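Novice: This is protein06.cif, which holds mmCIF, C-alpha atoms:
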```cif
data_entry
#
loop_
_atom_site.label_atom_id
_atom_site.label_comp_id
_atom_site.auth_asym_id
_atom_site.auth_seq_id
_atom_site.Cartn_x
_atom_site.Cartn_y
_atom_site.Cartn_z
CA MET I 1 226.39 135.86 -18.33
CA ALA I 2 228.39 138.20 -16.12
CA PHE I 3 227.02 141.25 -14.31
CA THR I 4 229.04 144.43 -14.41
CA ARG I 5 228.69 147.42 -12.09
CA PRO I 6 227.45 150.50 -13.90
CA THR I 7 229.71 153.50 -14.00
CA GLY I 8 229.16 156.35 -11.55
CA LYS I 9 229.02 156.71 -7.75
CA HIS I 10 226.95 154.42 -5.69
CA ARG I 11 226.07 155.11 -2.06
CA ARG I 12 226.30 152.33 0.42
CA PRO I 13 223.25 152.00 2.69
CA ARG I 14 223.91 153.94 5.89
CA GLY I 15 223.27 152.36 9.23
CA ALA I 16 222.71 148.68 9.69
CA VAL I 17 219.12 147.65 10.09
CA ARG I 18 218.32 145.35 12.93
CA THR I 19 215.91 142.71 11.87
CA GLY I 20 214.69 139.49 13.42
CA ALA I 21 213.46 140.08 16.96
CA ASN I 22 213.02 143.86 16.43
CA VAL I 23 210.91 143.35 13.35
CA ALA I 24 208.80 140.72 15.17
CA GLY I 25 208.41 143.08 18.17
CA MET I 26 207.32 145.87 15.91
CA ALA I 27 204.73 143.63 14.36
CA THR I 28 203.35 142.91 17.83
CA LEU I 29 203.38 146.61 18.75
CA ALA I 30 201.73 147.49 15.51
CA ALA I 31 198.93 145.03 16.29
CA SER I 32 198.32 146.69 19.72
CA GLY I 33 198.38 150.23 18.34
CA VAL I 34 201.56 151.21 20.21
CA VAL I 35 203.77 151.67 17.15
CA ALA I 36 201.71 154.46 15.80
CA THR I 37 202.20 156.39 19.01
CA LEU I 38 205.91 155.75 19.34
CA ALA I 39 206.90 155.87 15.70
CA SER I 40 205.05 158.96 14.59
CA PRO I 41 207.19 161.52 16.47
CA ALA I 42 210.37 159.82 15.27
CA LEU I 43 209.22 159.88 11.71
CA ALA I 44 208.09 163.49 11.95
CA ALA I 45 211.28 164.64 13.65
CA SER I 46 213.70 163.88 10.83
CA ASP I 47 213.81 163.11 7.15
CA ASP I 48 217.12 161.33 7.62
CA SER I 49 216.81 157.99 5.93
CA SER I 50 219.67 156.56 8.00
CA ARG I 51 217.08 155.02 10.44
CA PHE I 52 215.33 153.08 7.71
CA GLU I 53 216.30 150.64 5.05
CA ASP I 54 214.23 150.53 1.97
CA THR I 55 214.11 146.87 1.13
CA GLY I 56 211.64 147.44 -1.61
CA LEU I 57 209.05 145.62 0.56
CA ASN I 58 208.65 147.29 3.98
CA GLN I 59 210.28 149.82 6.21
CA ALA I 60 211.56 148.54 9.55
CA ILE I 61 211.37 150.83 12.58
CA VAL I 62 214.07 150.43 15.16
CA ILE I 63 213.34 151.23 18.85
CA GLY I 64 215.59 151.18 21.88
CA ASP I 65 215.44 148.80 24.84
CA ASP I 66 214.33 151.58 27.18
CA ILE I 67 211.17 152.19 25.17
CA ALA I 68 210.39 148.48 25.12
CA GLU I 69 210.74 148.38 28.89
CA GLN I 70 208.40 151.35 29.22
CA ILE I 71 205.84 149.56 27.07
CA ASP I 72 206.11 146.43 29.20
CA ALA I 73 205.74 148.48 32.40
CA GLN I 74 202.72 150.23 30.99
CA ALA I 75 201.13 146.90 30.06
CA VAL I 76 201.78 145.51 33.55
CA SER I 77 200.36 148.68 35.15
CA GLN I 78 197.24 148.45 33.03
CA GLU I 79 196.81 144.79 33.94
CA VAL I 80 197.19 145.54 37.66
CA ALA I 81 194.72 148.42 37.39
CA ALA I 82 192.24 146.16 35.62
CA GLU I 83 192.60 143.52 38.31
CA GLU I 84 192.11 146.10 41.07
CA ALA I 85 189.04 147.49 39.32
CA ALA I 86 187.61 143.98 38.96
CA ALA I 87 188.29 143.27 42.64
CA LYS I 88 186.59 146.51 43.69
CA ALA I 89 183.61 145.75 41.48
CA GLU I 90 183.34 142.27 42.98
CA ALA I 91 183.55 143.73 46.50
CA ARG I 92 180.82 146.27 45.70
CA LYS I 93 178.65 143.49 44.28
CA ALA I 94 179.18 141.33 47.38
CA ALA I 95 178.38 144.29 49.65
CA ALA I 96 175.22 145.02 47.68
CA VAL I 97 174.12 141.39 47.90
CA LYS I 98 174.78 141.35 51.66
CA ALA I 99 172.91 144.62 52.18
CA ALA I 100 169.96 143.32 50.17
CA GLU I 101 169.90 140.10 52.21
CA MET I 102 170.03 142.06 55.49
CA LYS I 103 167.21 144.30 54.29
CA ARG I 104 165.16 141.26 53.26
CA LYS I 105 165.68 139.64 56.67
CA ALA I 106 164.82 142.88 58.47
CA GLU I 107 161.64 143.29 56.42
CA ALA I 108 160.70 139.65 57.03
CA ALA I 109 161.28 140.07 60.78
CA GLU I 110 159.22 143.27 60.84
CA LYS I 111 156.44 141.59 58.85
CA LYS I 112 156.43 138.65 61.25
CA ALA I 113 156.44 140.95 64.30
CA LYS I 114 153.59 142.98 62.79
CA ALA I 115 151.57 139.82 62.09
CA GLU I 116 152.15 138.58 65.64
CA ARG I 117 151.24 141.98 67.09
CA GLU I 118 148.05 142.12 65.03
CA ALA I 119 147.20 138.56 66.07
CA ARG I 120 147.64 139.49 69.74
CA GLU I 121 145.52 142.60 69.28
CA ARG I 122 142.78 140.61 67.56
CA ALA I 123 142.88 138.02 70.33
CA ALA I 124 142.70 140.76 72.97
CA ARG I 125 139.78 142.44 71.21
CA GLU I 126 137.99 139.12 70.88
CA ALA I 127 138.61 138.32 74.54
CA GLU I 128 137.35 141.76 75.54
CA ARG I 129 134.31 141.40 73.29
CA LYS I 130 133.51 138.05 74.86
CA ARG I 131 134.05 139.47 78.35
CA LEU I 132 131.76 142.41 77.67
CA ASN I 133 129.12 140.08 76.29
CA THR I 134 129.44 137.71 79.23
CA PHE I 135 126.88 137.64 82.04
CA VAL I 136 127.62 136.65 85.63
CA LEU I 137 125.76 136.13 88.88
CA PRO I 138 125.07 139.38 90.76
CA VAL I 139 126.42 137.80 93.95
CA GLU I 140 129.33 135.46 93.34
CA GLY I 141 128.79 131.92 94.63
CA SER I 142 125.30 132.69 95.91
CA TYR I 143 121.93 130.99 95.33
CA VAL I 144 118.31 132.00 94.91
CA SER I 145 116.52 132.19 98.26
CA THR I 146 113.15 133.47 96.97
CA GLN I 147 111.75 132.57 93.55
CA TYR I 148 110.14 134.80 90.92
CA HIS I 149 106.38 135.33 91.33
CA ALA I 150 106.34 133.89 94.83
CA THR I 151 103.16 135.04 96.57
CA SER I 152 103.01 136.83 99.93
CA GLY I 153 101.42 139.79 101.60
CA LEU I 154 104.92 141.28 101.92
CA TRP I 155 104.71 142.63 98.34
CA SER I 156 102.25 145.29 97.31
CA SER I 157 101.59 143.56 93.99
CA GLY I 158 100.85 140.31 95.80
CA SER I 159 103.76 138.49 94.16
CA HIS I 160 107.51 138.72 93.95
CA THR I 161 108.63 140.76 90.90
CA GLY I 162 112.21 139.49 91.02
CA ILE I 163 114.37 136.90 92.76
CA ASP I 164 116.32 137.17 95.99
CA PHE I 165 119.95 136.08 96.27
CA HIS I 166 121.28 135.04 99.63
CA ALA I 167 123.83 137.63 100.81
CA SER I 168 124.96 139.05 104.13
CA THR I 169 125.32 142.77 104.73
CA GLY I 170 128.42 144.17 103.04
CA THR I 171 128.67 141.42 100.41
CA SER I 172 129.80 142.74 97.02
CA VAL I 173 126.98 143.11 94.48
CA ARG I 174 128.03 143.01 90.85
CA SER I 175 126.57 144.12 87.55
CA VAL I 176 125.48 141.00 85.71
CA GLY I 177 126.65 142.43 82.36
CA SER I 178 127.75 145.51 80.44
CA GLY I 179 125.60 148.62 80.48
CA THR I 180 125.00 152.17 81.70
CA VAL I 181 123.67 153.18 85.12
CA VAL I 182 120.32 155.00 84.77
CA GLU I 183 119.40 155.07 88.47
CA SER I 184 121.49 155.01 91.64
CA GLY I 185 119.90 156.08 94.93
CA TYR I 186 117.00 155.47 97.28
CA GLY I 187 114.04 153.75 95.59
CA GLY I 188 111.27 153.55 98.19
CA ALA I 189 110.38 149.93 98.98
CA TYR I 190 113.56 148.85 97.16
CA GLY I 191 115.70 150.88 99.56
CA ASN I 192 119.07 151.85 98.06
CA ASN I 193 118.93 150.51 94.53
CA VAL I 194 120.75 150.60 91.17
CA VAL I 195 119.10 150.27 87.76
CA ILE I 196 121.29 149.54 84.72
CA LYS I 197 120.35 149.71 81.05
CA MET I 198 122.13 146.71 79.56
CA ASN I 199 123.85 146.82 76.17
CA ASP I 200 121.20 144.51 74.73
CA GLY I 201 118.46 147.06 75.59
CA THR I 202 117.08 145.30 78.67
CA TYR I 203 117.29 146.61 82.25
CA THR I 204 118.44 145.06 85.53
CA GLN I 205 117.68 146.25 89.06
CA TYR I 206 119.54 145.61 92.33
CA GLY I 207 117.65 146.46 95.58
CA HIS I 208 118.06 146.71 99.36
CA LEU I 209 121.73 147.74 99.09
CA SER I 210 123.60 148.97 102.15
CA ALA I 211 125.93 151.09 100.00
CA LEU I 212 126.15 152.35 96.41
CA SER I 213 129.36 152.20 94.31
CA VAL I 214 128.24 153.78 91.00
CA THR I 215 126.58 156.96 89.75
CA VAL I 216 124.06 157.73 87.01
CA GLY I 217 125.66 157.82 83.56
CA GLN I 218 128.53 155.55 84.51
CA THR I 219 129.26 152.57 82.29
CA VAL I 220 129.81 149.20 83.93
CA THR I 221 131.18 145.85 82.82
CA PRO I 222 130.32 142.26 83.80
CA GLY I 223 131.33 141.53 87.39
CA GLN I 224 132.01 145.18 88.29
CA GLN I 225 130.94 146.08 91.83
CA ILE I 226 127.96 148.44 91.92
CA GLY I 227 127.20 148.32 95.64
CA LEU I 228 127.04 146.25 98.82
CA ALA I 229 124.23 143.98 99.91
CA GLY I 230 122.05 145.08 102.83
CA SER I 231 118.48 145.32 104.12
CA THR I 232 117.31 148.86 103.29
CA GLY I 233 113.71 149.56 102.20
CA ASN I 234 110.96 146.98 102.55
CA SER I 235 113.09 144.04 103.66
CA THR I 236 112.97 141.36 106.31
CA GLY I 237 116.72 140.76 106.35
CA PRO I 238 119.97 141.15 104.40
CA HIS I 239 119.78 139.89 100.81
CA LEU I 240 119.91 141.13 97.20
CA HIS I 241 116.67 141.68 95.33
CA PHE I 242 117.37 141.27 91.59
CA GLU I 243 114.98 142.11 88.74
CA ALA I 244 115.15 141.92 84.94
CA ARG I 245 112.93 144.36 83.03
CA THR I 246 112.05 145.48 79.52
CA SER I 247 112.07 149.14 80.70
CA PRO I 248 113.32 151.05 83.75
CA GLU I 249 109.80 151.27 85.10
CA TYR I 250 108.18 149.10 87.73
CA GLY I 251 105.79 146.52 86.27
CA SER I 252 107.90 145.67 83.18
CA ASP I 253 109.60 142.77 84.92
CA ILE I 254 110.44 139.50 83.17
CA ASP I 255 111.55 136.14 84.60
CA PRO I 256 115.08 136.93 85.97
CA LEU I 257 116.13 133.27 86.13
CA ALA I 258 115.24 132.72 82.46
CA TYR I 259 116.95 136.02 81.66
CA LEU I 260 120.23 135.03 83.31
CA ARG I 261 120.17 131.51 81.88
CA SER I 262 119.53 132.86 78.37
CA HIS I 263 122.80 134.80 78.75
CA GLY I 264 124.78 131.73 79.79
CA VAL I 265 124.65 132.12 83.57
CA ASN I 266 124.48 128.85 85.47
CA VAL I 267 121.90 129.49 88.20
#
```
Could you render the structure as structure tokens?
Specialist:
Amino acid sequence: MAFTRPTGKHRRPRGAVRTGANVAGMATLAASGVVATLASPALAASDDSSRFEDTGLNQAIVIGDDIAEQIDAQAVSQEVAAEEAAAKAEARKAAAVKAAEMKRKAEAAEKKAKAEREARERAAREAERKRLNTFVLPVEGSYVSTQYHATSGLWSSGSHTGIDFHASTGTSVRSVGSGTVVESGYGGAYGNNVVIKMNDGTYTQYGHLSALSVTVGQTVTPGQQIGLAGSTGNSTGPHLHFEARTSPEYGSDIDPLAYLRSHGVNV
């Protein structure tokens, strides 16, 4: 069977349509959403069908090489920008991690320093507490020359109400413990004397002093000088008369040796 051309004019399709690579490129562009941007103005600008070929299946859009190059450049620029943004984000993350680590180390160092400082302060307070609760001999390195309750006509009561420590004139006399001075001055038969109310509520007396180093109301600590040994008052020679009492008054004396030993003094 032979085909014959119908009568009348027939128009030849105008403008060759490039297929192959262009069509494949357009498919790629269409997938990325670029075609819609590039093709829409071209389609809206003219109704001339010379740029398209109706194949009965699809319409092919033809673009120039310059537009393709622009698309490639844009893609490369976007990729570079993305890489730069990722690098900046990574740098910020690294900086944040480093800053956090430095802060952690600084806080740890401060915590350690604080703990050490508090430990030193506690040790110092404990040492001071022990020192203030410590008792010492009233005359360093001395010994008892006259015992408690020794009898003699030298004492008005008939017996010795304290103990005597060997000491030459001018020897330093110390408070045996912590307390407050309640008497400092001339005390009759005791000569120049000091009476201290100790922190535990007892009293100590130091007699026959050649000089006084403290005043009434003053607080003293163990080993602090309160005067100098001498022979003032009713005395036969330089020495320190030491008494322990339950009150500041005469007659409330207790055994001074037992008193000192009960507070840890080796005498």
Novice: Compare I:Ser145, I:Gln205, I:Thr215, I:Ser178 by their minimum atom-to-atom distance to Glu128 in chain I, counting all atoms listed in the file, and give me the closest one.
Specialist: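 Closest to Glu128 in chain I of all the choices is I:Ser178.
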Novice: Report, in Å with one decimal, the straight-line distance from CA of His241 in chain I to CA of Val195 in chain I.
Specialist: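 Computed distance, CA of His241 in chain I to CA of Val195 in chain I, equals 11.7 Å.
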Novice: What does the structure give for the distance between CA of His263 in chain I and CA of Thr246 in chain I, in Å to one decimal?
Specialist: 15.2 Å
Novice: Please, what distance in Å, to one decimal, runs between CA of Gln74 in chain I and CA of Ala89 in chain I?
Specialist: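 Value for the CA of Gln74 in chain I-CA of Ala89 in chain I distance: 22.3 Å.
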Novice: Wanna dump the range 63-157 of chain I-range 216-235 of chain I contacts at 8 Å for me, each residue with its shortest atom pair and the distance in Å to one decimal, counting only C-alpha atoms, ordered by chain and number, as CSV?
Specialist:
```
residue,atom,partner,partner_atom,distance
I:Arg131,CA,I:Pro222,CA,7.2
I:Leu132,CA,I:Thr221,CA,6.2
I:Asn133,CA,I:Pro222,CA,7.9
I:Thr134,CA,I:Pro222,CA,6.5
I:Phe135,CA,I:Pro222,CA,6.0
I:Val136,CA,I:Gly223,CA,6.4
I:Leu137,CA,I:Gly223,CA,7.9
I:Pro138,CA,I:Gly223,CA,7.4
```
Novice: Take the residues from that selection and write them out as a compact mmCIF listing (two decimals), keeping the file's coordinate frame, keeping C-alpha atoms.
Specialist:
```txt
# COMPACT_ATOMS: atom_id res chain seq x y z
CA ARG I 131 134.05 139.47 78.35
CA LEU I 132 131.76 142.41 77.67
CA ASN I 133 129.12 140.08 76.29
CA THR I 134 129.44 137.71 79.23
CA PHE I 135 126.88 137.64 82.04
CA VAL I 136 127.62 136.65 85.63
CA LEU I 137 125.76 136.13 88.88
CA PRO I 138 125.07 139.38 90.76
```
Novice: Skipping near chain neighbours, those fewer than 6 positions away, what residues fall within 8 Å of range 197-203 of chain I using all atoms listed in the file, listed as a PDB file with C-alpha atoms, in the frame of the given file?
Specialist:
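The resulting file, result-v8.pdb, is reproduced below:
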```
ATOM      1  CA  GLY I 177     126.650 142.430  82.360  1.00  0.00           C
ATOM      2  CA  SER I 178     127.750 145.510  80.440  1.00  0.00           C
ATOM      3  CA  GLY I 179     125.600 148.620  80.480  1.00  0.00           C
ATOM      4  CA  THR I 180     125.000 152.170  81.700  1.00  0.00           C
ATOM      5  CA  VAL I 181     123.670 153.180  85.120  1.00  0.00           C
ATOM      6  CA  VAL I 182     120.320 155.000  84.770  1.00  0.00           C
ATOM      7  CA  ALA I 244     115.150 141.920  84.940  1.00  0.00           C
ATOM      8  CA  ARG I 245     112.930 144.360  83.030  1.00  0.00           C
ATOM      9  CA  THR I 246     112.050 145.480  79.520  1.00  0.00           C
ATOM     10  CA  SER I 247     112.070 149.140  80.700  1.00  0.00           C
ATOM     11  CA  PRO I 248     113.320 151.050  83.750  1.00  0.00           C
TER      12      PRO I 248
END
```
Novice: Return the single residue from I:His208, I:Arg174, I:Tyr190, I:His160 that is closest to Asp253 in chain I, with distances computed using all atoms listed in the file.
Specialist: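 With all atoms listed in the file as the atom set, the closest residue is I:His160.
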Novice: The residues within 9 Å of (115.1, 133.8, 86.0), using all atoms listed in the file and the coordinates of the file, should be reported as a PyMOL selection string; which are they?
Specialist: chain I and resi 147-148+162-163+243-244+254-262+267
Novice: Counting all atoms listed in the file, figure out which residue out of I:Ala82, I:Gly207, I:Glu110, I:Gly264 gets nearest to Lys130 in chain I.
Specialist: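 Between I:Ala82, I:Gly207, I:Glu110, I:Gly264, the residue approaching Lys130 in chain I most closely is I:Gly264.
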